[in-house]
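As stored in input-v1.cif (mmCIF, C-alpha atoms and all ligand atoms):
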```cif
data_run
loop_
_atom_site.label_atom_id
_atom_site.label_comp_id
_atom_site.auth_asym_id
_atom_site.auth_seq_id
_atom_site.Cartn_x
_atom_site.Cartn_y
_atom_site.Cartn_z
CA MET A 1 17.64 -77.35 7.35
CA ILE A 2 16.36 -79.99 4.93
CA ASP A 3 17.14 -83.38 6.41
CA PHE A 4 17.85 -86.61 4.60
CA ALA A 5 14.60 -88.55 4.01
CA ARG A 6 13.74 -90.14 7.36
CA PRO A 7 13.62 -93.91 7.34
CA GLN A 8 10.28 -95.58 8.14
CA GLN A 9 9.82 -96.72 11.71
CA VAL A 10 8.20 -99.59 13.56
CA ASN A 11 6.98 -99.08 17.10
CA ILE A 12 8.01 -101.86 19.48
CA LEU A 13 6.97 -101.51 23.15
CA GLY A 14 6.74 -97.74 22.69
CA VAL A 15 10.16 -97.31 21.04
CA ALA A 16 10.26 -96.23 17.37
CA ILE A 17 12.83 -98.50 15.72
CA ASP A 18 14.17 -97.16 12.42
CA CYS A 19 13.79 -99.52 9.43
CA VAL A 20 17.42 -99.34 8.35
CA ASP A 21 20.09 -101.76 7.22
CA PHE A 22 23.84 -101.20 7.37
CA ALA A 23 23.92 -99.57 3.94
CA LEU A 24 21.35 -96.92 4.87
CA THR A 25 22.90 -96.38 8.30
CA LEU A 26 26.28 -95.69 6.67
CA ASP A 27 24.67 -93.32 4.17
CA LEU A 28 22.98 -91.39 7.00
CA ILE A 29 26.28 -91.13 8.86
CA ASP A 30 27.89 -89.89 5.65
CA THR A 31 25.21 -87.22 5.26
CA TRP A 32 25.43 -86.10 8.88
CA ILE A 33 29.20 -85.71 8.71
CA VAL A 34 28.93 -83.60 5.55
CA GLN A 35 26.11 -81.51 7.09
CA ARG A 36 28.13 -80.90 10.23
CA ARG A 37 31.26 -79.93 8.29
CA VAL A 38 29.20 -77.46 6.24
CA ALA A 39 27.00 -76.05 9.04
CA GLY A 40 29.62 -76.06 11.80
CA ARG A 41 29.56 -77.43 15.30
CA SER A 42 27.60 -74.57 16.85
CA CYS A 43 24.67 -75.03 14.44
CA LEU A 44 24.27 -78.81 14.59
CA PRO A 45 24.55 -80.88 17.76
CA CYS A 46 26.20 -84.28 17.59
CA ARG A 47 23.84 -86.95 16.21
CA GLN A 48 23.14 -89.93 18.45
CA ILE A 49 22.72 -93.53 17.31
CA CYS A 50 21.36 -96.18 19.72
CA THR A 51 21.79 -99.91 18.98
CA VAL A 52 18.51 -101.18 20.39
CA ASN A 53 18.24 -104.80 21.52
CA PRO A 54 15.50 -106.47 23.63
CA GLU A 55 17.27 -105.46 26.87
CA PHE A 56 17.03 -101.80 25.81
CA LEU A 57 13.32 -102.23 25.13
CA VAL A 58 12.58 -103.79 28.53
CA ASP A 59 14.65 -101.07 30.23
CA ALA A 60 12.81 -98.34 28.30
CA TRP A 61 9.47 -99.95 29.20
CA ARG A 62 10.45 -99.78 32.88
CA ASP A 63 12.24 -96.41 32.88
CA PRO A 64 10.63 -93.36 31.23
CA ALA A 65 13.95 -91.47 31.37
CA PHE A 66 15.61 -94.13 29.22
CA ALA A 67 12.60 -94.21 26.87
CA ALA A 68 12.92 -90.40 26.50
CA THR A 69 16.64 -90.71 25.77
CA LEU A 70 15.95 -93.25 23.03
CA ALA A 71 13.19 -91.03 21.62
CA ARG A 72 15.59 -88.06 21.39
CA ALA A 73 18.22 -90.08 19.50
CA ASP A 74 18.56 -89.45 15.78
CA LEU A 75 18.59 -93.14 14.92
CA ARG A 76 17.49 -96.28 16.81
CA VAL A 77 18.89 -99.22 14.85
CA PRO A 78 17.59 -102.78 15.30
CA ASP A 79 20.35 -104.64 17.18
CA GLY A 80 19.22 -108.06 18.42
CA ALA A 81 17.32 -110.92 16.82
CA GLY A 82 14.43 -110.35 19.24
CA VAL A 83 13.78 -106.91 17.77
CA LEU A 84 13.49 -108.40 14.27
CA TRP A 85 11.21 -111.14 15.61
CA ALA A 86 8.90 -108.58 17.28
CA ALA A 87 8.71 -106.48 14.10
CA ARG A 88 7.95 -109.57 11.99
CA ARG A 89 5.19 -110.51 14.41
CA MET A 90 3.65 -107.08 13.89
CA GLY A 91 3.70 -107.57 10.12
CA ARG A 92 6.43 -104.89 9.75
CA PRO A 93 9.59 -106.91 9.02
CA LEU A 94 12.92 -105.11 9.39
CA ARG A 95 15.70 -105.62 6.87
CA GLU A 96 18.56 -106.89 9.02
CA ARG A 97 20.22 -106.65 12.42
CA VAL A 98 22.34 -103.52 12.68
CA THR A 99 24.62 -104.36 15.60
CA GLY A 100 27.21 -102.21 17.30
CA SER A 101 29.74 -105.05 17.04
CA ASP A 102 29.43 -105.31 13.24
CA GLY A 103 28.71 -101.59 12.92
CA ILE A 104 32.10 -100.61 14.31
CA GLU A 105 33.72 -102.65 11.50
CA TYR A 106 31.57 -101.20 8.72
CA ILE A 107 31.94 -97.65 10.04
CA CYS A 108 35.72 -97.99 10.27
CA GLU A 109 35.81 -99.41 6.73
CA ARG A 110 33.84 -96.38 5.43
CA ALA A 111 35.87 -94.01 7.63
CA ALA A 112 39.12 -95.24 6.09
CA LEU A 113 37.71 -94.52 2.62
CA ARG A 114 36.29 -91.09 3.48
CA GLY A 115 38.97 -89.84 5.86
CA TRP A 116 36.63 -89.60 8.87
CA ARG A 117 38.41 -89.32 12.20
CA VAL A 118 37.22 -91.90 14.75
CA TYR A 119 37.59 -91.80 18.54
CA PHE A 120 37.34 -94.83 20.84
CA LEU A 121 35.92 -93.98 24.29
CA GLY A 122 35.23 -96.54 27.01
CA ALA A 123 35.88 -100.19 28.01
CA ALA A 124 38.59 -101.22 30.49
CA PRO A 125 41.93 -99.34 30.38
CA GLY A 126 43.97 -100.34 27.30
CA VAL A 127 41.11 -102.12 25.49
CA ALA A 128 40.12 -99.13 23.33
CA GLU A 129 43.77 -98.76 22.21
CA ARG A 130 43.98 -102.47 21.30
CA ALA A 131 40.69 -102.37 19.39
CA ALA A 132 41.76 -99.21 17.51
CA ALA A 133 45.16 -100.71 16.60
CA ILE A 134 43.50 -103.88 15.24
CA LEU A 135 40.96 -101.87 13.21
CA ALA A 136 43.69 -99.59 11.85
CA VAL A 137 45.47 -102.67 10.45
CA ARG A 138 42.22 -104.14 9.11
CA TYR A 139 41.20 -100.86 7.41
CA PRO A 140 44.37 -99.19 6.12
CA GLY A 141 44.12 -95.42 6.17
CA LEU A 142 41.83 -95.35 9.21
CA GLN A 143 42.43 -92.12 11.10
CA VAL A 144 42.29 -92.87 14.82
CA ALA A 145 41.65 -89.52 16.48
CA GLY A 146 42.21 -90.96 19.96
CA CYS A 147 41.42 -93.60 22.56
CA TYR A 148 40.53 -93.25 26.23
CA ALA A 149 38.83 -95.50 28.77
CA GLY A 150 37.51 -92.73 31.03
CA SER A 151 34.17 -93.30 32.72
CA PRO A 152 30.61 -92.06 32.33
CA ALA A 153 30.77 -90.43 35.81
CA ASP A 154 30.18 -86.67 35.76
CA ALA A 155 33.52 -86.05 37.49
CA GLU A 156 35.29 -87.41 34.38
CA TRP A 157 33.51 -85.13 31.93
CA PRO A 158 36.00 -82.20 31.98
CA GLU A 159 38.89 -84.58 31.22
CA ILE A 160 37.00 -86.37 28.45
CA ARG A 161 35.80 -83.10 26.98
CA ALA A 162 39.33 -81.69 26.84
CA ARG A 163 40.61 -84.85 25.15
CA LEU A 164 37.78 -84.89 22.59
CA ASP A 165 38.15 -81.19 21.81
CA ALA A 166 41.86 -81.69 21.15
CA ALA A 167 41.24 -84.79 19.00
CA ALA A 168 38.38 -83.31 16.91
CA PRO A 169 36.79 -86.61 15.82
CA ASP A 170 33.99 -86.99 13.27
CA ILE A 171 32.74 -90.21 14.85
CA LEU A 172 32.74 -91.11 18.52
CA PHE A 173 32.32 -94.75 19.60
CA VAL A 174 31.18 -94.93 23.23
CA ALA A 175 31.59 -98.32 24.97
CA TYR A 176 30.15 -97.86 28.46
CA GLY A 177 27.38 -100.44 28.08
CA HIS A 178 23.73 -99.55 27.94
CA PRO A 179 21.95 -97.58 29.30
CA ARG A 180 24.91 -95.58 30.64
CA GLN A 181 26.53 -94.91 27.27
CA ASP A 182 23.20 -93.73 25.82
CA PHE A 183 22.43 -91.48 28.80
CA TRP A 184 25.99 -90.13 28.59
CA ILE A 185 25.77 -89.25 24.87
CA ASP A 186 22.33 -87.67 25.36
CA ARG A 187 23.61 -85.58 28.30
CA HIS A 188 26.68 -84.27 26.51
CA ARG A 189 25.78 -84.26 22.82
CA HIS A 190 25.41 -80.48 22.60
CA GLU A 191 29.05 -80.15 23.67
CA LEU A 192 30.55 -83.08 21.78
CA PRO A 193 32.88 -82.15 18.92
CA ALA A 194 31.96 -85.28 16.89
CA ALA A 195 29.29 -85.24 14.16
CA VAL A 196 27.98 -88.66 15.24
CA ALA A 197 28.21 -90.61 18.51
CA ILE A 198 27.18 -94.24 18.76
CA GLY A 199 26.91 -96.46 21.83
CA VAL A 200 28.60 -99.76 20.98
CA GLY A 201 28.38 -101.76 24.25
CA GLY A 202 30.99 -104.51 24.36
CA ALA A 203 32.23 -103.99 20.77
CA PHE A 204 35.77 -102.91 21.81
CA ASP A 205 36.01 -106.10 23.93
CA PHE A 206 35.07 -108.21 20.91
CA VAL A 207 37.48 -106.49 18.51
CA ALA A 208 40.33 -106.59 21.05
CA GLY A 209 39.65 -110.27 21.80
CA VAL A 210 38.91 -109.56 25.48
CA ALA A 211 35.49 -111.21 25.08
CA PRO A 212 34.78 -113.93 22.50
CA ARG A 213 32.16 -113.14 19.85
CA ALA A 214 29.68 -115.90 18.99
CA PRO A 215 30.70 -117.98 15.96
CA VAL A 216 28.98 -117.04 12.70
CA TRP A 217 26.67 -120.10 12.72
CA MET A 218 25.32 -119.05 16.14
CA ARG A 219 24.82 -115.46 14.97
CA LYS A 220 23.01 -116.68 11.86
CA ASN A 221 20.73 -118.88 13.97
CA ASN A 222 19.91 -116.08 16.42
CA LEU A 223 21.82 -117.80 19.23
CA GLU A 224 24.20 -114.96 20.15
CA TRP A 225 22.36 -114.60 23.48
CA LEU A 226 23.11 -118.28 24.30
CA HIS A 227 26.81 -117.81 23.52
CA ARG A 228 26.91 -114.78 25.82
CA LEU A 229 25.19 -116.73 28.58
CA VAL A 230 27.71 -119.59 28.31
CA THR A 231 30.84 -117.41 28.01
CA GLN A 232 29.70 -114.66 30.42
CA PRO A 233 27.49 -116.54 32.92
CA TRP A 234 27.48 -113.57 35.31
CA ARG A 235 25.06 -111.92 32.86
CA TRP A 236 22.28 -114.39 33.74
CA ARG A 237 20.37 -111.85 35.82
CA ARG A 238 20.40 -109.31 32.96
CA MET A 239 19.34 -111.99 30.52
CA LEU A 240 16.14 -112.63 32.45
CA LYS A 241 14.95 -109.59 30.53
CA LEU A 242 14.73 -111.73 27.38
CA PRO A 243 11.71 -113.82 28.51
CA ILE A 244 10.17 -110.62 29.90
CA PHE A 245 10.60 -109.05 26.45
CA VAL A 246 8.95 -112.05 24.76
CA GLY A 247 6.02 -111.88 27.22
CA LEU A 248 5.55 -108.14 26.65
CA VAL A 249 5.60 -108.54 22.86
CA LEU A 250 3.15 -111.45 22.93
CA ARG A 251 0.83 -109.43 25.16
CA ALA A 252 1.05 -106.29 23.01
CA ARG A 253 -1.67 -105.77 20.39
N1 LIG B 301 32.16 -100.17 30.70
C1 LIG B 301 33.00 -99.10 30.97
N2 LIG B 301 32.72 -98.28 32.02
C2 LIG B 301 31.62 -98.48 32.81
C3 LIG B 301 30.77 -99.58 32.52
C4 LIG B 301 31.06 -100.41 31.45
O1 LIG B 301 33.98 -98.89 30.25
O2 LIG B 301 31.42 -97.71 33.75
C5 LIG B 301 32.46 -101.03 29.53
C6 LIG B 301 32.85 -102.46 29.80
O3 LIG B 301 34.24 -102.57 30.08
C7 LIG B 301 32.47 -103.14 28.49
C8 LIG B 301 31.27 -102.32 28.03
O4 LIG B 301 31.28 -101.11 28.76
O5 LIG B 301 33.51 -102.98 27.55
C9 LIG B 301 29.91 -102.99 28.32
O6 LIG B 301 29.75 -104.06 27.49
P1 LIG B 301 28.37 -104.86 27.46
O7 LIG B 301 28.59 -106.00 26.55
O8 LIG B 301 27.90 -105.18 28.85
O9 LIG B 301 27.40 -103.79 26.80
P2 LIG B 301 25.80 -103.77 26.73
O10 LIG B 301 25.37 -105.15 26.36
O11 LIG B 301 25.32 -103.35 28.07
O12 LIG B 301 25.47 -102.72 25.73
#
```
The structure in this file should be written as structure tokens.
Ligand code: UDP
Amino acid sequence: MIDFARPQQVNILGVAIDCVDFALTLDLIDTWIVQRRVAGRSCLPCRQICTVNPEFLVDAWRDPAFAATLARADLRVPDGAGVLWAARRMGRPLRERVTGSDGIEYICERAALRGWRVYFLGAAPGVAERAAAILAVRYPGLQVAGCYAGSPADAEWPEIRARLDAAAPDILFVAYGHPRQDFWIDRHRHELPAAVAIGVGGAFDFVAGVAPRAPVWMRKNNLEWLHRLVTQPWRWRRMLKLPIFVGLVLRAR
């Protein structure tokens, strides 16, 4: 099959980040949904989108299985100011951050226009439902195919699969945090009924108001990491990966 022109890529710590902005990401999703509707589920596996931030890159550098999962994905979008900084340093500037938290809004906006069916999988019980209800008000006409917390454990797969098959979504948001959500999509994508699955981390928590999102001025000044550290101090151990990322990028040729 002739694919949509592939976006250019920039290699950061061994991971090929796609040079896309939100507009191109939405156009690719559009194309993939049309392709899947035309070709049918049995011909085209579900496409996988990974929202790559510096933590992903350190994890992929340490774990070849995660690096392989990212390599198999159809799109690796640049989430995280550190990814843009690393690309700039290599003389290959990326256009903009394409985050899961903003992406869920843009995708739902486009979905409401196009009639795509969206499914919300993951987060704590009840959070997916709250996020979906808020987005359905924000984007009138949004078709919510379903919501379920579930879990990425293998024992849950038959239940999730039955629910997804009954709901027949076009887009599947998976909020199990990285790397679990990305491993989960990679493991099951050949059986997923959706045309596109995207790991969105804590995006349901942000939309539902369970976790506060950084104010716009902090996001604009690349300080979202600081906001997360202050509001979710238990993440400090994970956030040690940020200086490791900076060290690895500075050391890389
Ligand atoms: N989560 C879940 N099941 C799990 C582990 C995590 O539903 O087994 C959810 C959790 O409730 C939260 C999200 O996954 O909504 C993780 O958010 P985080 O901001 O940590 O994502 P990351 O930064 O790792 O992508």
field: Shortest interatomic distance to Asp30 (chain A) - which of A:Arg110, A:His178, A:Arg62, A:Arg6, counting only C-alpha atoms
entry: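 The shortest atom-to-atom distance to Asp30 (chain A) comes from A:Arg110.
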message: With 12 Å as the threshold, what does the neighbourhood of (39.3, -83.5, 27.6) contain in terms of residues, counting all atoms listed in the file? Coordinates are those of the file; answer as a count of residues only.
response: 22
- prompt: When distances are computed from only C-alpha atoms, which of A:Leu248, A:Ile107, A:Val34, A:Ile17 shows the smallest separation from Pro93 (chain A)?
  reply: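 Checking each candidate against Pro93 (chain A), we get A:Ile17 as the closest.
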As lines of an AutoDock Vina configuration file: centre and edge lengths in Å, one decimal, of the axis-aligned box holding ligand LIG 301 (chain B) with 6 Å per side:
```
center_x = 29.8
center_y = -101.9
center_z = 29.7
size_x = 20.9
size_y = 20.3
size_z = 20.0
```
task: Determine, counting all atoms listed in the file, which protein, DNA and RNA residues have an atom within 12 Å of an atom of Gln181 (chain A); residues of the same chain fewer than 2 positions away are not included. Present the result as a ChimeraX atom specification.
output: /A:48-51,56,66,69-70,121-123,150-153,172-179,183-189,197-202
task: Rounded to one decimal place, report the CA of Pro212 (chain A)-CA of Glu129 (chain A) distance in Å.
output: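 That distance, rounded to one decimal, is 17.6 Å.
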task: Please return, as a list in words, all polymer residues that have at least one atom within 12 Å of the point (34.9, -111.0, 27.5); use all atoms listed in the file and the file's own coordinate frame.
output: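 Every residue inside that radius is included here: Ala123, Ala124, Val127, Gly201, Gly202, Ala203, Phe204, Asp205, Phe206, Val207, Ala208, Gly209, Val210, Ala211, Pro212, Arg213, Ala214, His227, Arg228, Leu229, Val230, Thr231, Gln232, Pro233, Trp234 and Arg235 of chain A.
The smallest atom-to-atom distance between Cys43 (chain A) and any of A:Arg130, A:Arg180, A:His190, A:Arg92, using all atoms listed in the file, is found for A:His190.
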Missing atoms in region 151-162 of chain A need filling: write out all heavy atoms for it as a short mmCIF file (atom, residue, chain, number, x, y, z; two decimals), in the frame of the given file.
```
data_model
loop_
_atom_site.label_atom_id
_atom_site.label_comp_id
_atom_site.auth_asym_id
_atom_site.auth_seq_id
_atom_site.Cartn_x
_atom_site.Cartn_y
_atom_site.Cartn_z
N SER A 151 35.34 -92.71 32.07
CA SER A 151 34.17 -93.30 32.72
C SER A 151 32.99 -92.37 32.48
O SER A 151 33.17 -91.17 32.23
CB SER A 151 34.44 -93.50 34.21
OG SER A 151 33.68 -92.61 34.98
N PRO A 152 31.76 -92.93 32.56
CA PRO A 152 30.61 -92.06 32.33
C PRO A 152 30.26 -91.18 33.53
O PRO A 152 29.30 -90.40 33.47
CB PRO A 152 29.48 -93.06 32.03
CG PRO A 152 29.90 -94.34 32.67
CD PRO A 152 31.39 -94.34 32.72
N ALA A 153 31.05 -91.26 34.62
CA ALA A 153 30.77 -90.43 35.81
C ALA A 153 30.95 -88.95 35.46
O ALA A 153 31.84 -88.58 34.69
CB ALA A 153 31.71 -90.82 36.94
N ASP A 154 30.12 -88.11 36.06
CA ASP A 154 30.18 -86.67 35.76
C ASP A 154 31.56 -86.07 36.05
O ASP A 154 32.01 -85.16 35.35
CB ASP A 154 29.10 -85.92 36.56
CG ASP A 154 27.73 -86.10 35.92
OD1 ASP A 154 27.68 -86.47 34.73
OD2 ASP A 154 26.72 -85.91 36.63
N ALA A 155 32.21 -86.59 37.11
CA ALA A 155 33.52 -86.05 37.49
C ALA A 155 34.54 -86.20 36.37
O ALA A 155 35.52 -85.43 36.30
CB ALA A 155 34.02 -86.76 38.75
N GLU A 156 34.34 -87.16 35.48
CA GLU A 156 35.29 -87.41 34.38
C GLU A 156 35.06 -86.51 33.18
O GLU A 156 35.89 -86.43 32.28
CB GLU A 156 35.13 -88.86 33.90
CG GLU A 156 36.11 -89.84 34.48
CD GLU A 156 37.47 -89.80 33.78
OE1 GLU A 156 37.55 -89.49 32.59
OE2 GLU A 156 38.44 -90.08 34.48
N TRP A 157 33.89 -85.87 33.15
CA TRP A 157 33.51 -85.13 31.93
C TRP A 157 34.53 -84.07 31.51
O TRP A 157 34.91 -84.00 30.33
CB TRP A 157 32.10 -84.57 32.09
CG TRP A 157 31.72 -83.58 31.01
CD1 TRP A 157 31.36 -82.29 31.19
CD2 TRP A 157 31.68 -83.81 29.58
NE1 TRP A 157 31.10 -81.69 29.98
CE2 TRP A 157 31.30 -82.61 28.98
CE3 TRP A 157 31.96 -84.91 28.77
CZ2 TRP A 157 31.17 -82.46 27.60
CZ3 TRP A 157 31.83 -84.78 27.39
CH2 TRP A 157 31.43 -83.57 26.81
N PRO A 158 35.04 -83.23 32.44
CA PRO A 158 36.00 -82.20 31.98
C PRO A 158 37.22 -82.81 31.29
O PRO A 158 37.68 -82.28 30.26
CB PRO A 158 36.39 -81.48 33.28
CG PRO A 158 35.23 -81.73 34.21
CD PRO A 158 34.73 -83.10 33.88
N GLU A 159 37.72 -83.92 31.82
CA GLU A 159 38.89 -84.58 31.22
C GLU A 159 38.55 -85.12 29.82
O GLU A 159 39.28 -84.92 28.85
CB GLU A 159 39.35 -85.72 32.15
CG GLU A 159 40.46 -86.60 31.60
CD GLU A 159 41.79 -85.88 31.46
OE1 GLU A 159 42.02 -84.91 32.20
OE2 GLU A 159 42.61 -86.30 30.58
N ILE A 160 37.40 -85.80 29.75
CA ILE A 160 37.00 -86.37 28.45
C ILE A 160 36.76 -85.25 27.44
O ILE A 160 37.18 -85.33 26.28
CB ILE A 160 35.74 -87.25 28.61
CG1 ILE A 160 36.05 -88.48 29.45
CG2 ILE A 160 35.17 -87.66 27.25
CD1 ILE A 160 34.86 -89.37 29.76
N ARG A 161 36.10 -84.22 27.88
CA ARG A 161 35.80 -83.10 26.98
C ARG A 161 37.08 -82.48 26.41
O ARG A 161 37.17 -82.20 25.21
CB ARG A 161 35.00 -82.04 27.75
CG ARG A 161 34.58 -80.92 26.89
CD ARG A 161 33.87 -79.86 27.68
NE ARG A 161 33.38 -78.86 26.76
CZ ARG A 161 32.55 -77.90 27.08
NH1 ARG A 161 32.07 -77.82 28.30
NH2 ARG A 161 32.16 -77.02 26.20
N ALA A 162 38.06 -82.28 27.29
CA ALA A 162 39.33 -81.69 26.84
C ALA A 162 40.00 -82.60 25.81
O ALA A 162 40.51 -82.14 24.77
CB ALA A 162 40.25 -81.46 28.03
#
```
